[in-house]
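Novice: Structure incoming, see below.
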Amino acid sequence: MIRFVIALFLISANAKLHPEAKLEFLDYCKYFGYPAESHVIQTEDGYLLTFFRIQAKGSKIVSGKPVVLLQHGLLDSSDTWIVNDEDKAPAFLIANRGYDVWLGNNYFQSNIGNNRGNVHSRKHIKLHPFFAPFWNFTLEDFAIYDLPAAFKFINDLTKQKIRYLGHSQGTTQMHIHLSLFKQSIVRDLMLQFIGFGPVAFVTTKHSVLVRLLDTSLVNILDDFGLHEFAPGDTFISTTAGRLFCGLEPLVCGDLIGSMVSADPKLDNYARYDVLSAHAPGGTSTKNLKHWKQFVKTQQFGRYDYGKKENLKRYGTETAPLYDLGNVDISVFYIAGYEDLLAPPKDVNNLVKALVNSPKAEVKFYEAGHCSFMWGIKLEFLDDLWQNLLL
């Protein structure tokens, strides 16, 4: 009898699952008919980042198209840009408008633009992710090493300048890069900077994630030698997790939403079995400590190593602030009224800080922090198409 009940449960759950939920990035794109490639990019400090490249449905990848680089946010990966319904997934929408779409992953993340340390970028020429030195990075390292490596690689291959579209931390690392470097290969090769849910200042504590960062949790993890946070093999990404999200999308969505400000009125909860299979991307505990610093100080500053180490690294006993006055290019931000992680107050303060930008524009929509990737309505699309350069 118990076996019969379990069998019925599994049949019911699988009936609610999307067949593409368990597919890896390249197979996922192939499933929907999009040509896709993966590329490994080595940073100056030895990390190996996996980036993905896609173009229009039913086509072949060719050179000469205008290039867009999509960069994910904190605890995310490149997969975030494709997990929504095909007619709502930003990477597919942009590709179908004739762009050559690259997706980046930071260290430990996926491949559209993936930063070091996420599920798609867990390699280094010398270091191993099992040991602490691999995880000795924050988002400033994404800004200093990952962005230049990505821009150079993409430009070398395509011979095109780059339209950069970041979400959340994907905007923050660009803010940091522009603040630190008045001249760089990124500046030379970037044609445009657009930001979804842009972040520099974190002064409100509406979201669970921000409130957690304001506790001692991150320091405790570090004290216990847990240098990796939210790896991609957590429960939510397992088969059981996908089944749970397929059967109980509202509960699953609320669990995820408590961290990233998702809302069933705004976001596509029916796709959460797909989302759960591709999240979280993960990051380093040290990176979370840098975010914790933003929350605690309510300032946008470099990582605080303590007086002695700060003096060695920065020449001052206190960690200096990033100078947003150095952001002297035009920016276009797309933000949400319902965003708990990048609320209107903090976004407006960011815009005010860009005193030397020739044009710093922000438009708000009924959207949460991840509605720009996972949303139902995508009311911002008309403004995106009007502003995204050909």
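For the structure tokens, the naming scheme is as follows: chains receive sequential letters (A, B, ...) according to their order of presentation, residues are indexed from 1 within each chain, and ligands are indexed from 1 in presentation order.
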Write down as a list in words the residues belonging to range 133-350 of chain A that are assigned strand (DSSP E) by DSSP computed on the backbone.
Specialist: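 So, restricting range 133-350 of chain A to strand (DSSP E), we get Ile162, Arg163, Tyr164, Leu165, Gly166, His167, Met190, Leu191, Gln192, Phe193, Ile194, Gly195, Phe196, Glu228, Phe229, Thr283, Ser284, Val331, Phe332, Tyr333, Ile334, Ala335 and Gly336 of chain A.
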Novice: Could you give me the residues within range 127-347 of chain A that DSSP places in helix (DSSP H, G or I), as a ChimeraX atom specification?
Specialist: /A:132-135,139-158,169-180,185-189,208-213,217-223,235-237,239-247,249-260,269-277,285-297,307-314,324-326,344-347
Novice: Got time to write the residues from that selection, C-alpha atoms, as a compact mmCIF listing (two decimals), in the first residue's frame?
Specialist:
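The result, stored in out-v7.txt:
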# COMPACT_ATOMS: atom_id res chain seq x y z
CA ALA A 132 39.73 27.66 1.38
CA PRO A 133 42.11 29.63 -0.91
CA PHE A 134 39.76 29.03 -3.87
CA TRP A 135 37.02 30.96 -2.03
CA LEU A 139 32.46 40.89 -5.83
CA GLU A 140 35.37 43.34 -6.11
CA ASP A 141 37.35 40.49 -7.66
CA PHE A 142 34.53 40.03 -10.18
CA ALA A 143 34.96 43.71 -11.03
CA ILE A 144 38.77 43.66 -11.19
CA TYR A 145 39.37 40.29 -12.88
CA ASP A 146 36.20 38.69 -14.28
CA LEU A 147 34.84 41.65 -16.23
CA PRO A 148 38.09 42.50 -18.08
CA ALA A 149 38.71 38.84 -18.95
CA ALA A 150 35.18 38.46 -20.29
CA PHE A 151 35.18 41.67 -22.30
CA LYS A 152 38.54 40.89 -23.92
CA PHE A 153 37.59 37.31 -24.76
CA ILE A 154 34.23 38.24 -26.28
CA ASN A 155 35.69 41.11 -28.28
CA ASP A 156 38.62 39.01 -29.53
CA LEU A 157 36.16 36.42 -30.84
CA THR A 158 33.38 38.66 -32.17
CA GLN A 169 25.16 42.11 -8.21
CA GLY A 170 25.80 42.13 -11.96
CA THR A 171 25.26 45.89 -11.80
CA THR A 172 27.21 46.24 -8.56
CA GLN A 173 30.38 44.72 -9.98
CA MET A 174 30.17 47.12 -12.93
CA HIS A 175 29.68 50.06 -10.54
CA ILE A 176 32.81 48.92 -8.69
CA HIS A 177 34.84 48.54 -11.87
CA LEU A 178 33.91 51.99 -13.16
CA SER A 179 34.61 53.47 -9.72
CA LEU A 180 38.09 51.94 -9.49
CA ILE A 185 39.61 47.47 -21.39
CA VAL A 186 36.05 47.25 -20.07
CA ARG A 187 35.52 50.98 -20.62
CA ASP A 188 37.12 50.76 -24.06
CA LEU A 189 34.94 47.86 -25.20
CA VAL A 208 14.95 38.09 4.49
CA LEU A 209 18.33 37.93 2.74
CA VAL A 210 19.31 41.44 3.85
CA ARG A 211 18.11 40.74 7.41
CA LEU A 212 20.21 37.55 7.46
CA LEU A 213 23.23 39.53 6.31
CA LEU A 217 25.34 34.10 10.55
CA VAL A 218 27.97 34.86 7.88
CA ASN A 219 30.71 35.31 10.49
CA ILE A 220 29.73 32.03 12.14
CA LEU A 221 29.97 30.21 8.79
CA ASP A 222 33.42 31.70 8.27
CA ASP A 223 34.53 30.78 11.81
CA PHE A 235 17.76 20.40 -1.63
CA ILE A 236 15.85 22.81 -3.82
CA SER A 237 17.85 21.75 -6.91
CA THR A 239 14.85 15.76 -7.89
CA ALA A 240 12.93 15.86 -4.61
CA GLY A 241 13.15 19.64 -4.60
CA ARG A 242 11.85 19.83 -8.18
CA LEU A 243 9.00 17.48 -7.30
CA PHE A 244 8.11 19.62 -4.31
CA CYS A 245 8.11 22.79 -6.44
CA GLY A 246 6.04 21.05 -9.10
CA LEU A 247 3.40 19.96 -6.58
CA PRO A 249 4.52 26.01 -6.60
CA LEU A 250 3.04 28.60 -4.26
CA VAL A 251 4.88 27.24 -1.22
CA CYS A 252 8.09 26.79 -3.21
CA GLY A 253 7.75 30.26 -4.67
CA ASP A 254 7.16 31.80 -1.27
CA LEU A 255 10.26 30.08 0.12
CA ILE A 256 12.40 31.43 -2.71
CA GLY A 257 10.51 34.71 -2.70
CA SER A 258 11.27 35.35 0.96
CA MET A 259 14.90 35.65 -0.07
CA VAL A 260 14.62 37.49 -3.38
CA TYR A 269 5.39 30.51 -10.04
CA ALA A 270 4.31 27.86 -12.55
CA ARG A 271 7.97 27.64 -13.64
CA TYR A 272 9.44 27.19 -10.18
CA ASP A 273 10.21 23.51 -10.72
CA VAL A 274 12.49 24.70 -13.56
CA LEU A 275 13.93 27.53 -11.49
CA SER A 276 14.62 25.25 -8.52
CA ALA A 277 16.61 22.89 -10.75
CA THR A 285 31.26 33.28 2.33
CA LYS A 286 33.74 36.13 1.96
CA ASN A 287 31.57 37.65 -0.74
CA LEU A 288 28.60 37.53 1.63
CA LYS A 289 30.76 39.23 4.28
CA HIS A 290 31.35 42.07 1.83
CA TRP A 291 27.59 42.35 1.30
CA LYS A 292 27.10 42.21 5.06
CA GLN A 293 29.46 45.18 5.30
CA PHE A 294 27.28 47.13 2.85
CA VAL A 295 24.26 46.41 5.06
CA LYS A 296 25.99 47.22 8.35
CA THR A 297 27.68 50.46 7.26
CA LYS A 307 43.25 48.47 10.25
CA LYS A 308 46.58 46.69 9.70
CA GLU A 309 45.67 44.95 6.44
CA ASN A 310 43.71 47.95 5.18
CA LEU A 311 46.86 50.05 5.58
CA LYS A 312 48.82 47.54 3.47
CA ARG A 313 46.19 47.27 0.76
CA TYR A 314 44.67 50.72 0.61
CA LEU A 324 30.60 56.64 -7.92
CA GLY A 325 31.61 60.05 -9.21
CA ASN A 326 33.96 58.13 -11.52
CA PRO A 344 13.19 52.65 -4.94
CA LYS A 345 14.86 54.58 -2.09
CA ASP A 346 18.24 52.89 -2.62
CA VAL A 347 17.99 53.01 -6.42
Novice: Could you jot down the CA of Tyr164 in chain A to CA of Val68 in chain A separation for me, Å, one decimal place?
Specialist: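 CA of Val68 in chain A lies at a distance of 5.9 Å from CA of Tyr164 in chain A.
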Novice: Could you name the residues that touch Gly166 in chain A at 10 Å or less, counting only C-alpha atoms, but leaving out those on the same chain fewer than 4 positions away, as a list in words?
Specialist: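 Within the cut-off, the hits are Leu69, Leu70, Gln71, His72, Gly73, Gly104, Gly113, Gly170, Thr171, Thr172, Gln173, Met174, Phe193, Ile194, Gly195, Phe196, Gly197, Pro198 and Tyr333 of chain A.
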Novice: CA of Ser284 in chain A to CA of Leu226 in chain A: how many Å, to one decimal?
Specialist: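 Going from CA of Ser284 in chain A over to CA of Leu226 in chain A, I get 8.9 Å.
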Novice: Smallest atom-to-atom distance to Thr138 in chain A: which of A:Val101, A:Leu74, A:Ala367, A:Leu389, using only C-alpha atoms?
Specialist: A:Leu74
Novice: Record the distance separating CA of Glu37 in chain A and CA of Trp385 in chain A, expressed in Å with one decimal.
Specialist: 24.7 Å
Novice: Pick out the closest residue to Leu23 in chain A from this set: A:Asp79, A:Pro66, A:Asp100, A:His206. Count only C-alpha atoms.
Specialist: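 Nearest to Leu23 in chain A: A:Asp79.
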Novice: If you count only C-alpha atoms, which residues fall within 12 Å of Asn96 in chain A, apart from same-chain ones fewer than 4 positions away, as a ChimeraX atom specification?
Specialist: /A:33-35,54-59,65,86-92,100-101
Novice: For the selection you just gave me, I'd like the residues written to a file as a short mmCIF file (atom, residue, chain, number, x, y, z; two decimals), in the first residue's frame, keeping all heavy atoms.
Specialist:
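So out.cif came out as:
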data_model
loop_
_atom_site.label_atom_id
_atom_site.label_comp_id
_atom_site.auth_asym_id
_atom_site.auth_seq_id
_atom_site.Cartn_x
_atom_site.Cartn_y
_atom_site.Cartn_z
N GLY A 33 15.42 24.82 -29.33
CA GLY A 33 15.81 25.13 -30.70
C GLY A 33 16.77 26.29 -30.87
O GLY A 33 16.86 26.87 -31.96
N TYR A 34 17.50 26.63 -29.80
CA TYR A 34 18.45 27.75 -29.87
C TYR A 34 19.87 27.22 -29.99
O TYR A 34 20.28 26.35 -29.22
CB TYR A 34 18.34 28.63 -28.62
CG TYR A 34 17.05 29.41 -28.55
CD1 TYR A 34 15.89 28.80 -28.09
CD2 TYR A 34 16.98 30.73 -28.98
CE1 TYR A 34 14.68 29.50 -28.05
CE2 TYR A 34 15.79 31.44 -28.94
CZ TYR A 34 14.65 30.81 -28.47
OH TYR A 34 13.46 31.51 -28.44
N PRO A 35 20.65 27.74 -30.94
CA PRO A 35 22.06 27.34 -31.02
C PRO A 35 22.81 27.90 -29.82
O PRO A 35 22.60 29.05 -29.43
CB PRO A 35 22.54 27.99 -32.32
CG PRO A 35 21.66 29.21 -32.47
CD PRO A 35 20.31 28.81 -31.91
N ILE A 54 24.41 32.35 -27.10
CA ILE A 54 23.26 31.87 -27.86
C ILE A 54 22.88 32.90 -28.91
O ILE A 54 23.19 34.09 -28.78
CB ILE A 54 22.05 31.55 -26.96
CG1 ILE A 54 21.50 32.84 -26.32
CG2 ILE A 54 22.40 30.53 -25.90
CD1 ILE A 54 20.18 32.62 -25.60
N GLN A 55 22.20 32.43 -29.95
CA GLN A 55 21.63 33.32 -30.97
C GLN A 55 20.21 32.86 -31.28
O GLN A 55 19.66 32.00 -30.59
CB GLN A 55 22.53 33.37 -32.20
CG GLN A 55 23.85 34.09 -31.93
CD GLN A 55 24.72 34.28 -33.14
OE1 GLN A 55 24.34 33.99 -34.27
NE2 GLN A 55 25.95 34.78 -32.92
N ALA A 56 19.59 33.45 -32.28
CA ALA A 56 18.15 33.30 -32.53
C ALA A 56 17.74 31.85 -32.73
O ALA A 56 18.50 31.02 -33.25
CB ALA A 56 17.74 34.14 -33.74
N LYS A 57 16.51 31.56 -32.34
CA LYS A 57 15.92 30.23 -32.47
C LYS A 57 15.97 29.76 -33.93
O LYS A 57 15.66 30.51 -34.86
CB LYS A 57 14.46 30.28 -32.00
CG LYS A 57 13.74 28.93 -31.97
CD LYS A 57 12.30 29.15 -31.55
CE LYS A 57 11.53 27.84 -31.51
NZ LYS A 57 11.67 27.16 -30.22
N GLY A 58 16.39 28.51 -34.11
CA GLY A 58 16.40 27.91 -35.43
C GLY A 58 17.52 28.37 -36.34
O GLY A 58 17.54 28.01 -37.52
N SER A 59 18.45 29.16 -35.78
CA SER A 59 19.56 29.66 -36.59
C SER A 59 20.85 28.93 -36.26
O SER A 59 20.85 27.99 -35.46
CB SER A 59 19.74 31.17 -36.35
OG SER A 59 20.22 31.41 -35.04
N LYS A 65 26.94 39.91 -35.52
CA LYS A 65 25.74 40.41 -34.85
C LYS A 65 26.13 41.30 -33.67
O LYS A 65 27.20 41.13 -33.08
CB LYS A 65 24.88 39.25 -34.35
CG LYS A 65 24.25 38.43 -35.46
CD LYS A 65 23.22 37.45 -34.90
CE LYS A 65 22.47 36.75 -36.02
NZ LYS A 65 21.34 35.95 -35.50
N GLU A 86 9.51 30.36 -22.60
CA GLU A 86 10.36 30.77 -23.73
C GLU A 86 10.03 32.18 -24.22
O GLU A 86 10.94 32.94 -24.57
CB GLU A 86 10.22 29.77 -24.88
CG GLU A 86 11.13 30.07 -26.05
CD GLU A 86 10.85 29.21 -27.26
OE1 GLU A 86 9.99 28.31 -27.18
OE2 GLU A 86 11.49 29.45 -28.31
N ASP A 87 8.74 32.53 -24.22
CA ASP A 87 8.35 33.84 -24.72
C ASP A 87 8.51 34.95 -23.68
O ASP A 87 8.14 36.10 -23.93
CB ASP A 87 6.91 33.82 -25.24
CG ASP A 87 5.89 33.51 -24.15
OD1 ASP A 87 6.30 33.11 -23.03
OD2 ASP A 87 4.68 33.66 -24.41
N LYS A 88 9.11 34.60 -22.54
CA LYS A 88 9.36 35.60 -21.49
C LYS A 88 10.81 35.59 -21.01
O LYS A 88 11.22 36.48 -20.26
CB LYS A 88 8.44 35.35 -20.28
CG LYS A 88 6.95 35.46 -20.59
CD LYS A 88 6.13 35.22 -19.32
CE LYS A 88 4.63 35.29 -19.60
NZ LYS A 88 4.17 34.16 -20.42
N ALA A 89 11.59 34.60 -21.40
CA ALA A 89 12.98 34.48 -20.95
C ALA A 89 13.84 35.53 -21.64
O ALA A 89 13.95 35.53 -22.88
CB ALA A 89 13.52 33.08 -21.22
N PRO A 90 14.47 36.45 -20.90
CA PRO A 90 15.20 37.57 -21.53
C PRO A 90 16.26 37.14 -22.53
O PRO A 90 16.40 37.78 -23.58
CB PRO A 90 15.82 38.28 -20.32
CG PRO A 90 14.92 37.98 -19.19
CD PRO A 90 14.43 36.58 -19.43
N ALA A 91 17.02 36.10 -22.23
CA ALA A 91 18.09 35.69 -23.15
C ALA A 91 17.52 35.28 -24.51
O ALA A 91 18.06 35.62 -25.56
CB ALA A 91 18.91 34.56 -22.55
N PHE A 92 16.42 34.53 -24.48
CA PHE A 92 15.79 34.11 -25.73
C PHE A 92 15.18 35.29 -26.47
O PHE A 92 15.27 35.40 -27.69
CB PHE A 92 14.72 33.04 -25.45
CG PHE A 92 15.26 31.72 -24.95
CD1 PHE A 92 14.49 30.88 -24.18
CD2 PHE A 92 16.55 31.32 -25.28
CE1 PHE A 92 14.97 29.66 -23.72
CE2 PHE A 92 17.05 30.09 -24.83
CZ PHE A 92 16.25 29.27 -24.05
N ASP A 100 23.71 38.79 -30.57
CA ASP A 100 24.64 37.72 -30.19
C ASP A 100 24.73 37.78 -28.67
O ASP A 100 25.37 38.67 -28.11
CB ASP A 100 25.99 37.99 -30.85
CG ASP A 100 26.99 36.88 -30.62
OD1 ASP A 100 26.68 35.91 -29.90
OD2 ASP A 100 28.12 36.99 -31.14
N VAL A 101 24.07 36.86 -27.99
CA VAL A 101 23.89 36.95 -26.54
C VAL A 101 24.91 36.08 -25.80
O VAL A 101 24.97 34.87 -26.03
CB VAL A 101 22.46 36.54 -26.13
CG1 VAL A 101 22.28 36.66 -24.61
CG2 VAL A 101 21.43 37.41 -26.86
#
